[in-house]
>>> print(open('structure.cif').read())   # mmCIF, C-alpha atoms
data_coords
loop_
_atom_site.label_atom_id
_atom_site.label_comp_id
_atom_site.auth_asym_id
_atom_site.auth_seq_id
_atom_site.Cartn_x
_atom_site.Cartn_y
_atom_site.Cartn_z
CA ARG A 1 -0.41 22.99 13.47
CA VAL A 2 2.72 21.86 15.33
CA LEU A 3 4.22 18.60 14.02
CA GLN A 4 6.82 17.04 16.32
CA PRO A 5 8.28 13.51 16.33
CA GLU A 6 6.27 11.24 18.62
CA VAL A 7 7.94 8.82 21.00
CA MET A 8 6.20 5.78 19.52
CA ASP A 9 7.44 6.66 16.03
CA ASP A 10 11.02 6.11 17.18
CA PRO A 11 12.23 2.77 15.76
CA ASN A 12 14.60 2.47 18.72
CA LEU A 13 11.83 2.69 21.32
CA ASP A 14 12.11 -0.07 23.92
CA PRO A 15 9.77 -2.88 22.77
CA VAL A 16 8.37 -3.30 26.28
CA GLN A 17 7.38 0.37 26.43
CA HIS A 18 6.04 0.15 22.88
CA ARG A 19 3.78 -2.79 23.70
CA ARG A 20 2.61 -1.10 26.89
CA ALA A 21 1.67 1.99 24.87
CA LEU A 22 -0.17 -0.10 22.29
CA ARG A 23 -2.15 -1.82 25.05
CA ASP A 24 -3.19 1.49 26.58
CA LEU A 25 -4.10 2.92 23.17
CA ALA A 26 -6.43 -0.04 22.65
CA ARG A 27 -8.12 0.86 25.94
CA ILE A 28 -8.61 4.44 24.73
CA HIS A 29 -10.04 3.22 21.41
CA GLN A 30 -12.47 1.05 23.34
CA PHE A 31 -13.57 4.01 25.44
CA THR A 32 -14.14 6.29 22.44
CA ASN A 33 -16.13 3.55 20.64
CA SER A 34 -14.43 4.46 17.36
CA VAL A 35 -14.38 0.91 15.96
CA SER A 36 -18.13 0.55 16.39
CA GLN A 37 -18.63 3.77 14.43
CA ILE A 38 -16.34 2.57 11.66
CA TRP A 39 -18.01 -0.86 11.47
CA SER A 40 -21.43 0.78 11.26
CA ARG A 41 -20.35 2.66 8.13
CA ILE A 42 -18.76 -0.40 6.55
CA ARG A 43 -21.78 -2.56 7.35
CA ASN A 44 -24.13 0.00 5.85
CA GLN A 45 -22.11 0.06 2.63
CA LEU A 46 -22.26 -3.74 2.44
CA LEU A 47 -26.00 -3.82 3.09
CA VAL A 48 -26.66 -1.23 0.38
CA ALA A 49 -24.61 -3.29 -2.07
CA GLY A 50 -26.25 -6.54 -0.93
CA LEU A 51 -22.88 -8.08 -0.02
CA THR A 52 -22.06 -10.51 2.79
CA LYS A 53 -18.29 -10.63 2.28
CA ALA A 54 -15.54 -8.09 1.69
CA SER A 55 -11.84 -7.41 2.14
CA ILE A 56 -10.53 -4.67 4.45
CA LEU A 57 -7.05 -3.16 4.65
CA ASP A 58 -6.09 -1.14 7.73
CA LEU A 59 -3.24 1.27 7.02
CA GLY A 60 -1.16 1.97 10.13
CA CYS A 61 -2.80 -0.90 12.01
CA GLY A 62 -0.63 -0.76 15.15
CA ASP A 63 -1.30 -3.83 17.28
CA GLY A 64 -4.29 -4.79 15.13
CA TYR A 65 -6.93 -3.82 17.69
CA MET A 66 -9.29 -2.35 15.10
CA LEU A 67 -9.05 -5.39 12.84
CA ARG A 68 -9.70 -7.79 15.70
CA ARG A 69 -12.79 -5.83 16.72
CA LEU A 70 -13.99 -5.63 13.12
CA ASP A 71 -13.60 -9.41 12.95
CA ASP A 72 -15.77 -9.73 16.06
CA TYR A 73 -18.48 -7.45 14.66
CA ALA A 74 -18.47 -9.21 11.29
CA LYS A 75 -18.84 -12.66 12.84
CA ARG A 76 -21.71 -11.36 14.94
CA ASP A 77 -23.46 -9.96 11.85
CA GLY A 78 -22.82 -12.97 9.60
CA ILE A 79 -20.39 -11.17 7.30
CA SER A 80 -17.21 -12.78 6.00
CA LEU A 81 -14.15 -10.53 6.04
CA GLU A 82 -10.71 -10.93 4.49
CA LEU A 83 -8.55 -8.74 6.74
CA TYR A 84 -5.17 -7.14 6.10
CA GLY A 85 -3.12 -4.86 8.33
CA CYS A 86 0.06 -2.96 7.54
CA ASP A 87 2.39 -0.88 9.67
CA PHE A 88 5.95 0.40 9.56
CA SER A 89 6.77 -0.86 13.06
CA ALA A 90 8.07 -4.41 13.38
CA THR A 91 7.23 -4.37 17.10
CA ALA A 92 3.63 -3.39 16.41
CA LEU A 93 3.26 -6.10 13.76
CA GLU A 94 4.77 -8.78 15.99
CA THR A 95 2.34 -7.81 18.74
CA ALA A 96 -0.55 -7.73 16.27
CA GLN A 97 0.19 -11.24 15.05
CA GLU A 98 0.34 -12.59 18.61
CA LEU A 99 -2.93 -10.93 19.62
CA ALA A 100 -4.72 -12.04 16.44
CA LYS A 101 -3.64 -15.62 17.05
CA ASN A 102 -4.86 -15.44 20.65
CA ALA A 103 -8.20 -14.03 19.47
CA ASP A 104 -8.56 -16.70 16.75
CA ALA A 105 -8.80 -13.92 14.16
CA SER A 106 -7.52 -14.61 10.65
CA ILE A 107 -5.62 -11.44 9.73
CA ALA A 108 -2.69 -11.06 7.31
CA PHE A 109 -0.14 -8.47 8.49
CA PHE A 110 2.71 -7.00 6.50
CA GLN A 111 5.29 -4.26 6.92
CA PHE A 112 4.98 -1.23 4.68
CA ASP A 113 6.44 2.27 4.66
CA VAL A 114 3.67 4.50 3.37
CA THR A 115 6.17 7.35 2.81
CA SER A 116 8.35 5.28 0.46
CA GLY A 117 6.37 6.13 -2.66
CA SER A 118 5.91 2.43 -3.39
CA LYS A 119 2.63 0.98 -4.54
CA MET A 120 0.59 -0.70 -1.82
CA PRO A 121 1.17 -4.47 -2.29
CA VAL A 122 -2.43 -5.29 -1.32
CA ALA A 123 -5.70 -3.91 -2.69
CA ALA A 124 -8.96 -4.28 -0.75
CA ASP A 125 -12.64 -3.47 -1.08
CA PHE A 126 -12.36 -1.14 1.93
CA VAL A 127 -9.23 0.76 2.90
CA ILE A 128 -9.34 2.33 6.35
CA CYS A 129 -6.92 4.20 8.57
CA SER A 130 -7.45 5.57 12.03
CA LEU A 131 -5.44 8.17 13.98
CA PHE A 132 -2.71 7.99 11.34
CA LEU A 133 -2.60 11.03 9.07
CA HIS A 134 -1.62 13.49 11.80
CA HIS A 135 1.81 11.82 12.02
CA PHE A 136 2.82 13.27 8.65
CA ASP A 137 3.45 16.61 7.00
CA GLU A 138 1.14 18.03 4.37
CA LEU A 139 3.03 16.74 1.31
CA GLN A 140 3.20 13.26 2.82
CA VAL A 141 -0.53 13.31 3.60
CA VAL A 142 -1.34 14.16 -0.02
CA ALA A 143 0.80 11.21 -1.17
CA ILE A 144 -0.83 8.92 1.42
CA LEU A 145 -4.32 9.92 0.26
CA LYS A 146 -3.35 9.00 -3.30
CA THR A 147 -1.93 5.65 -2.12
CA ILE A 148 -5.11 4.89 -0.20
CA ASN A 149 -7.27 5.82 -3.18
CA ALA A 150 -5.28 3.54 -5.48
CA ALA A 151 -5.49 0.59 -3.05
CA ALA A 152 -9.27 0.84 -2.47
CA LYS A 153 -11.58 -1.11 -4.75
CA GLN A 154 -14.84 0.23 -3.36
CA PHE A 155 -14.66 2.54 -0.36
CA VAL A 156 -12.28 4.58 1.81
CA LEU A 157 -12.78 5.52 5.44
CA ILE A 158 -10.31 7.69 7.37
CA HIS A 159 -10.79 8.54 11.05
CA ASP A 160 -8.55 11.03 12.80
CA LEU A 161 -8.15 13.69 15.45
CA ARG A 162 -9.45 17.22 14.97
CA ARG A 163 -7.26 20.04 16.26
CA THR A 164 -9.33 22.09 18.72
CA ARG A 165 -8.83 23.48 22.21
CA LEU A 166 -11.56 21.16 23.48
CA GLY A 167 -9.83 18.24 21.79
CA TYR A 168 -6.59 19.05 23.62
CA LEU A 169 -8.41 19.22 26.96
CA LEU A 170 -10.28 15.95 26.36
CA CYS A 171 -7.04 14.28 25.31
CA TRP A 172 -5.23 15.42 28.45
CA ILE A 173 -8.03 14.04 30.60
CA GLY A 174 -8.24 10.82 28.59
CA VAL A 175 -4.55 9.91 28.55
CA HIS A 176 -4.26 10.50 32.30
CA ALA A 177 -7.49 8.68 33.19
CA LEU A 178 -7.10 5.72 30.82
CA SER A 179 -3.35 5.24 30.51
CA THR A 180 -0.35 4.86 32.78
CA SER A 181 2.05 4.73 29.82
CA PRO A 182 4.40 7.75 29.73
CA VAL A 183 4.64 7.26 25.97
CA VAL A 184 0.87 7.60 25.51
CA ARG A 185 0.70 10.60 27.84
CA VAL A 186 3.32 12.45 25.81
CA ASP A 187 2.26 11.31 22.35
CA GLY A 188 -1.44 11.92 22.93
CA LEU A 189 -0.97 15.65 23.39
CA LEU A 190 1.58 15.85 20.58
CA SER A 191 -0.98 14.16 18.34
CA VAL A 192 -3.64 16.79 19.00
CA GLN A 193 -1.15 19.57 18.29
CA ALA A 194 -0.26 17.86 15.00
CA ALA A 195 -3.86 17.14 14.02
CA PHE A 196 -5.64 18.90 11.17
CA THR A 197 -8.65 21.17 11.26
CA VAL A 198 -11.51 20.30 8.91
CA PRO A 199 -10.67 23.13 6.44
CA GLU A 200 -7.04 21.98 6.37
CA ILE A 201 -7.89 18.35 5.60
CA GLU A 202 -10.43 19.43 2.98
CA GLY A 203 -7.67 21.42 1.28
CA LEU A 204 -5.38 18.39 1.25
CA LEU A 205 -8.13 16.21 -0.22
CA GLN A 206 -8.51 18.74 -3.00
CA THR A 207 -4.75 18.83 -3.61
CA ALA A 208 -4.72 15.02 -3.80
CA ALA A 209 -7.52 15.21 -6.42
CA ILE A 210 -9.85 12.99 -4.37
CA GLU A 211 -13.29 13.23 -5.95
CA ASN A 212 -16.49 13.59 -3.91
CA PRO A 213 -15.05 13.06 -0.40
CA LYS A 214 -17.36 13.57 2.57
CA VAL A 215 -15.95 14.99 5.81
CA THR A 216 -18.01 14.70 8.99
CA THR A 217 -17.19 15.45 12.62
CA GLY A 218 -18.02 13.51 15.76
CA TRP A 219 -17.07 12.42 19.28
CA PRO A 220 -14.55 13.07 20.71
CA GLN A 221 -13.30 15.94 18.51
CA ARG A 222 -12.65 13.62 15.57
CA PHE A 223 -13.34 13.83 11.87
CA THR A 224 -14.20 11.04 9.43
CA ILE A 225 -13.45 11.16 5.72
CA THR A 226 -15.23 8.80 3.35
CA TRP A 227 -15.43 8.40 -0.38
CA SER A 228 -16.78 5.79 -2.75
CA LYS A 229 -14.85 4.61 -5.80
CA ASP A 230 -18.16 4.08 -7.59
CA GLU A 231 -19.01 7.78 -7.22
CA GLN A 232 -15.58 8.71 -8.61
CA GLU A 233 -16.25 6.67 -11.75
CA LYS A 234 -19.61 8.32 -12.48
#
>>> encode(input="structure.cif", output="structure tokens")
Amino acid sequence: RVLQPEVMDDPNLDPVQHRRALRDLARIHQFTNSVSQIWSRIRNQLLVAGLTKASILDLGCGDGYMLRRLDDYAKRDGISLELYGCDFSATALETAQELAKNADASIAFFQFDVTSGSKMPVAADFVICSLFLHHFDELQVVAILKTINAAAKQFVLIHDLRRTRLGYLLCWIGVHALSTSPVVRVDGLLSVQAAFTVPEIEGLLQTAAIENPKVTTGWPQRFTITWSKDEQEK
């Protein structure tokens, strides 16, 4: 694993370039169909529990693309969602608020530094994060997992890159075919190099004392971690 600072993590990044990168990342998310996969899992959990409303917190929400799409899916399926998004980047949050307003999506955004050691100011039924953990070192990831676990009332879902040679190749093709942003083209490959393998993330879950997590793999060279708070309490 090679962890290097990514361009978009630089707080001094030109806001125009930052917004351009966020727009292109949304296009990549749309192509990989990751939000649909995440909504399917959330919807199944709600159906099993017989619920038609829930709260969702997206950690590292970027421009809010995932939350806007989840809002669309929920409205289609007759489910009422209370949506929260947090990110460290003021530029990302400003963009997220503008896009949510344009999409007529009711989403509450707030700034939060997940590495600060502070308690998450919002708790939610579902806590999710996507393509986020690979930005941090191992000790930080363990702390983040504990923060996520504390903030979740019912269920946690984490979706991230898996470090493989095929994943690197697919990423190179994807960022060149789907993005013209130089930031995305650099950061995409850095992200794969910084990503975890399944055994590595399983070890960090164990270190964080997360009980009964399930790790599955899927397209395109991603892994998904889920755990239920109800199962932890049994």
>>> resolve_selection(input="structure.cif", expression="the PyMOL selection byres ((chain A and resi 162) around 8)", output="list of chain:residue names")
A:Asp160, A:Leu161, A:Arg163, A:Thr164, A:Gly167, A:Val192, A:Ala195, A:Phe196, A:Thr197, A:Val198, A:Gln221, A:Arg222, A:Phe223
>>> resolve_selection(input="structure.cif", expression="the PyMOL selection byres ((chain A and resi 120) around 12)", output="ChimeraX atom specification")
/A:57-59,84-87,110-119,121-124,127,143-152
>>> resolve_selection(input="structure.cif", expression="the PyMOL selection byres ((chain A and resi 172-188) around 10)", output="PyMOL selection string")
chain A and resi 4-9+13+17-28+31-32+166-171+189-194
>>> atom_distance(input="structure.cif", atom1="CA of Pro15 (chain A)", atom2="CA of Ala92 (chain A)")
8.9 Å
>>> residues_around(input="structure.cif", residues="Lys214 (chain A)", least_positions_apart="4", cutoff="7 Å", atoms="all atoms listed in the file", output="PyMOL selection string")
chain A and resi 225-227
>>> write_last_selection(input="structure.cif", atoms="C-alpha atoms", output="short mmCIF file (atom, residue, chain, number, x, y, z; two decimals), in the coordinates of the input")
data_model
loop_
_atom_site.label_atom_id
_atom_site.label_comp_id
_atom_site.auth_asym_id
_atom_site.auth_seq_id
_atom_site.Cartn_x
_atom_site.Cartn_y
_atom_site.Cartn_z
CA ILE A 225 -13.45 11.16 5.72
CA THR A 226 -15.23 8.80 3.35
CA TRP A 227 -15.43 8.40 -0.38
#
>>> atom_distance(input="structure.cif", atom1="CA of Ile56 (chain A)", atom2="CA of Ile42 (chain A)")
9.5 Å
>>> residues_around(input="structure.cif", residues="Leu46 (chain A)", least_positions_apart="3", cutoff="12 Å", atoms="all atoms listed in the file", output="PyMOL selection string")
chain A and resi 39-43+49-56+74+77-81+125-126+154-155
>>> residues_near_point(input="structure.cif", point="(2.2, 17.8, 4.1)", cutoff="12 Å", atoms="all atoms listed in the file", output="ChimeraX atom specification")
/A:1-3,115,133-145,194-196,200-201,203-205,207-208
>>> build_atoms(input="structure.cif", residues="region 171-182 of chain A", atoms="all heavy atoms", output="PDB file, in the frame of the given file")
ATOM      1  N   CYS A 171      -8.172  15.198  25.441  1.00  0.00           N
ATOM      2  CA  CYS A 171      -7.040  14.280  25.310  1.00  0.00           C
ATOM      3  C   CYS A 171      -6.242  14.233  26.604  1.00  0.00           C
ATOM      4  O   CYS A 171      -5.863  13.145  27.066  1.00  0.00           O
ATOM      5  CB  CYS A 171      -6.156  14.712  24.146  1.00  0.00           C
ATOM      6  SG  CYS A 171      -4.731  13.637  23.894  1.00  0.00           S
ATOM      7  N   TRP A 172      -5.993  15.391  27.206  1.00  0.00           N
ATOM      8  CA  TRP A 172      -5.230  15.420  28.450  1.00  0.00           C
ATOM      9  C   TRP A 172      -5.950  14.597  29.529  1.00  0.00           C
ATOM     10  O   TRP A 172      -5.334  13.802  30.235  1.00  0.00           O
ATOM     11  CB  TRP A 172      -5.053  16.854  28.935  1.00  0.00           C
ATOM     12  CG  TRP A 172      -4.100  16.980  30.082  1.00  0.00           C
ATOM     13  CD1 TRP A 172      -2.762  17.260  30.018  1.00  0.00           C
ATOM     14  CD2 TRP A 172      -4.409  16.803  31.483  1.00  0.00           C
ATOM     15  NE1 TRP A 172      -2.218  17.268  31.282  1.00  0.00           N
ATOM     16  CE2 TRP A 172      -3.193  16.980  32.206  1.00  0.00           C
ATOM     17  CE3 TRP A 172      -5.569  16.504  32.188  1.00  0.00           C
ATOM     18  CZ2 TRP A 172      -3.134  16.880  33.590  1.00  0.00           C
ATOM     19  CZ3 TRP A 172      -5.508  16.389  33.576  1.00  0.00           C
ATOM     20  CH2 TRP A 172      -4.308  16.591  34.265  1.00  0.00           C
ATOM     21  N   ILE A 173      -7.256  14.793  29.615  1.00  0.00           N
ATOM     22  CA  ILE A 173      -8.030  14.040  30.600  1.00  0.00           C
ATOM     23  C   ILE A 173      -7.981  12.541  30.280  1.00  0.00           C
ATOM     24  O   ILE A 173      -7.776  11.702  31.157  1.00  0.00           O
ATOM     25  CB  ILE A 173      -9.494  14.526  30.635  1.00  0.00           C
ATOM     26  CG1 ILE A 173      -9.553  15.979  31.138  1.00  0.00           C
ATOM     27  CG2 ILE A 173     -10.354  13.623  31.510  1.00  0.00           C
ATOM     28  CD1 ILE A 173     -10.916  16.618  30.996  1.00  0.00           C
ATOM     29  N   GLY A 174      -8.169  12.220  29.003  1.00  0.00           N
ATOM     30  CA  GLY A 174      -8.240  10.820  28.590  1.00  0.00           C
ATOM     31  C   GLY A 174      -6.942  10.061  28.815  1.00  0.00           C
ATOM     32  O   GLY A 174      -6.959   8.948  29.349  1.00  0.00           O
ATOM     33  N   VAL A 175      -5.802  10.649  28.428  1.00  0.00           N
ATOM     34  CA  VAL A 175      -4.550   9.910  28.550  1.00  0.00           C
ATOM     35  C   VAL A 175      -4.125   9.739  30.009  1.00  0.00           C
ATOM     36  O   VAL A 175      -3.404   8.791  30.352  1.00  0.00           O
ATOM     37  CB  VAL A 175      -3.408  10.577  27.751  1.00  0.00           C
ATOM     38  CG1 VAL A 175      -3.727  10.567  26.264  1.00  0.00           C
ATOM     39  CG2 VAL A 175      -3.112  11.994  28.241  1.00  0.00           C
ATOM     40  N   HIS A 176      -4.589  10.642  30.883  1.00  0.00           N
ATOM     41  CA  HIS A 176      -4.260  10.500  32.300  1.00  0.00           C
ATOM     42  C   HIS A 176      -5.248   9.567  33.021  1.00  0.00           C
ATOM     43  O   HIS A 176      -4.874   8.890  33.980  1.00  0.00           O
ATOM     44  CB  HIS A 176      -4.227  11.871  32.984  1.00  0.00           C
ATOM     45  CG  HIS A 176      -2.997  12.659  32.659  1.00  0.00           C
ATOM     46  ND1 HIS A 176      -2.872  13.386  31.498  1.00  0.00           N
ATOM     47  CD2 HIS A 176      -1.816  12.800  33.330  1.00  0.00           C
ATOM     48  CE1 HIS A 176      -1.677  13.960  31.476  1.00  0.00           C
ATOM     49  NE2 HIS A 176      -1.019  13.625  32.555  1.00  0.00           N
ATOM     50  N   ALA A 177      -6.491   9.536  32.552  1.00  0.00           N
ATOM     51  CA  ALA A 177      -7.490   8.680  33.190  1.00  0.00           C
ATOM     52  C   ALA A 177      -7.418   7.240  32.698  1.00  0.00           C
ATOM     53  O   ALA A 177      -7.718   6.301  33.455  1.00  0.00           O
ATOM     54  CB  ALA A 177      -8.895   9.239  32.944  1.00  0.00           C
ATOM     55  N   LEU A 178      -7.016   7.045  31.432  1.00  0.00           N
ATOM     56  CA  LEU A 178      -7.100   5.720  30.820  1.00  0.00           C
ATOM     57  C   LEU A 178      -5.754   5.072  30.567  1.00  0.00           C
ATOM     58  O   LEU A 178      -5.711   3.914  30.124  1.00  0.00           O
ATOM     59  CB  LEU A 178      -7.867   5.816  29.493  1.00  0.00           C
ATOM     60  CG  LEU A 178      -9.315   6.306  29.593  1.00  0.00           C
ATOM     61  CD1 LEU A 178      -9.874   6.562  28.202  1.00  0.00           C
ATOM     62  CD2 LEU A 178     -10.172   5.299  30.336  1.00  0.00           C
ATOM     63  N   SER A 179      -4.661   5.794  30.807  1.00  0.00           N
ATOM     64  CA  SER A 179      -3.350   5.240  30.510  1.00  0.00           C
ATOM     65  C   SER A 179      -2.345   5.570  31.611  1.00  0.00           C
ATOM     66  O   SER A 179      -2.372   6.675  32.165  1.00  0.00           O
ATOM     67  CB  SER A 179      -2.837   5.781  29.168  1.00  0.00           C
ATOM     68  OG  SER A 179      -1.504   5.372  28.938  1.00  0.00           O
ATOM     69  N   THR A 180      -1.483   4.610  31.888  1.00  0.00           N
ATOM     70  CA  THR A 180      -0.350   4.860  32.780  1.00  0.00           C
ATOM     71  C   THR A 180       0.957   4.907  31.997  1.00  0.00           C
ATOM     72  O   THR A 180       2.028   5.090  32.572  1.00  0.00           O
ATOM     73  CB  THR A 180      -0.250   3.757  33.852  1.00  0.00           C
ATOM     74  OG1 THR A 180      -0.078   2.481  33.203  1.00  0.00           O
ATOM     75  CG2 THR A 180      -1.499   3.723  34.726  1.00  0.00           C
ATOM     76  N   SER A 181       0.864   4.748  30.669  1.00  0.00           N
ATOM     77  CA  SER A 181       2.050   4.730  29.820  1.00  0.00           C
ATOM     78  C   SER A 181       2.580   6.153  29.625  1.00  0.00           C
ATOM     79  O   SER A 181       1.858   7.027  29.123  1.00  0.00           O
ATOM     80  CB  SER A 181       1.728   4.123  28.452  1.00  0.00           C
ATOM     81  OG  SER A 181       2.739   4.424  27.515  1.00  0.00           O
ATOM     82  N   PRO A 182       3.839   6.415  29.978  1.00  0.00           N
ATOM     83  CA  PRO A 182       4.400   7.750  29.730  1.00  0.00           C
ATOM     84  C   PRO A 182       4.461   8.076  28.245  1.00  0.00           C
ATOM     85  O   PRO A 182       4.374   9.245  27.857  1.00  0.00           O
ATOM     86  CB  PRO A 182       5.797   7.673  30.362  1.00  0.00           C
ATOM     87  CG  PRO A 182       6.115   6.216  30.450  1.00  0.00           C
ATOM     88  CD  PRO A 182       4.813   5.525  30.649  1.00  0.00           C
TER      89      PRO A 182
END
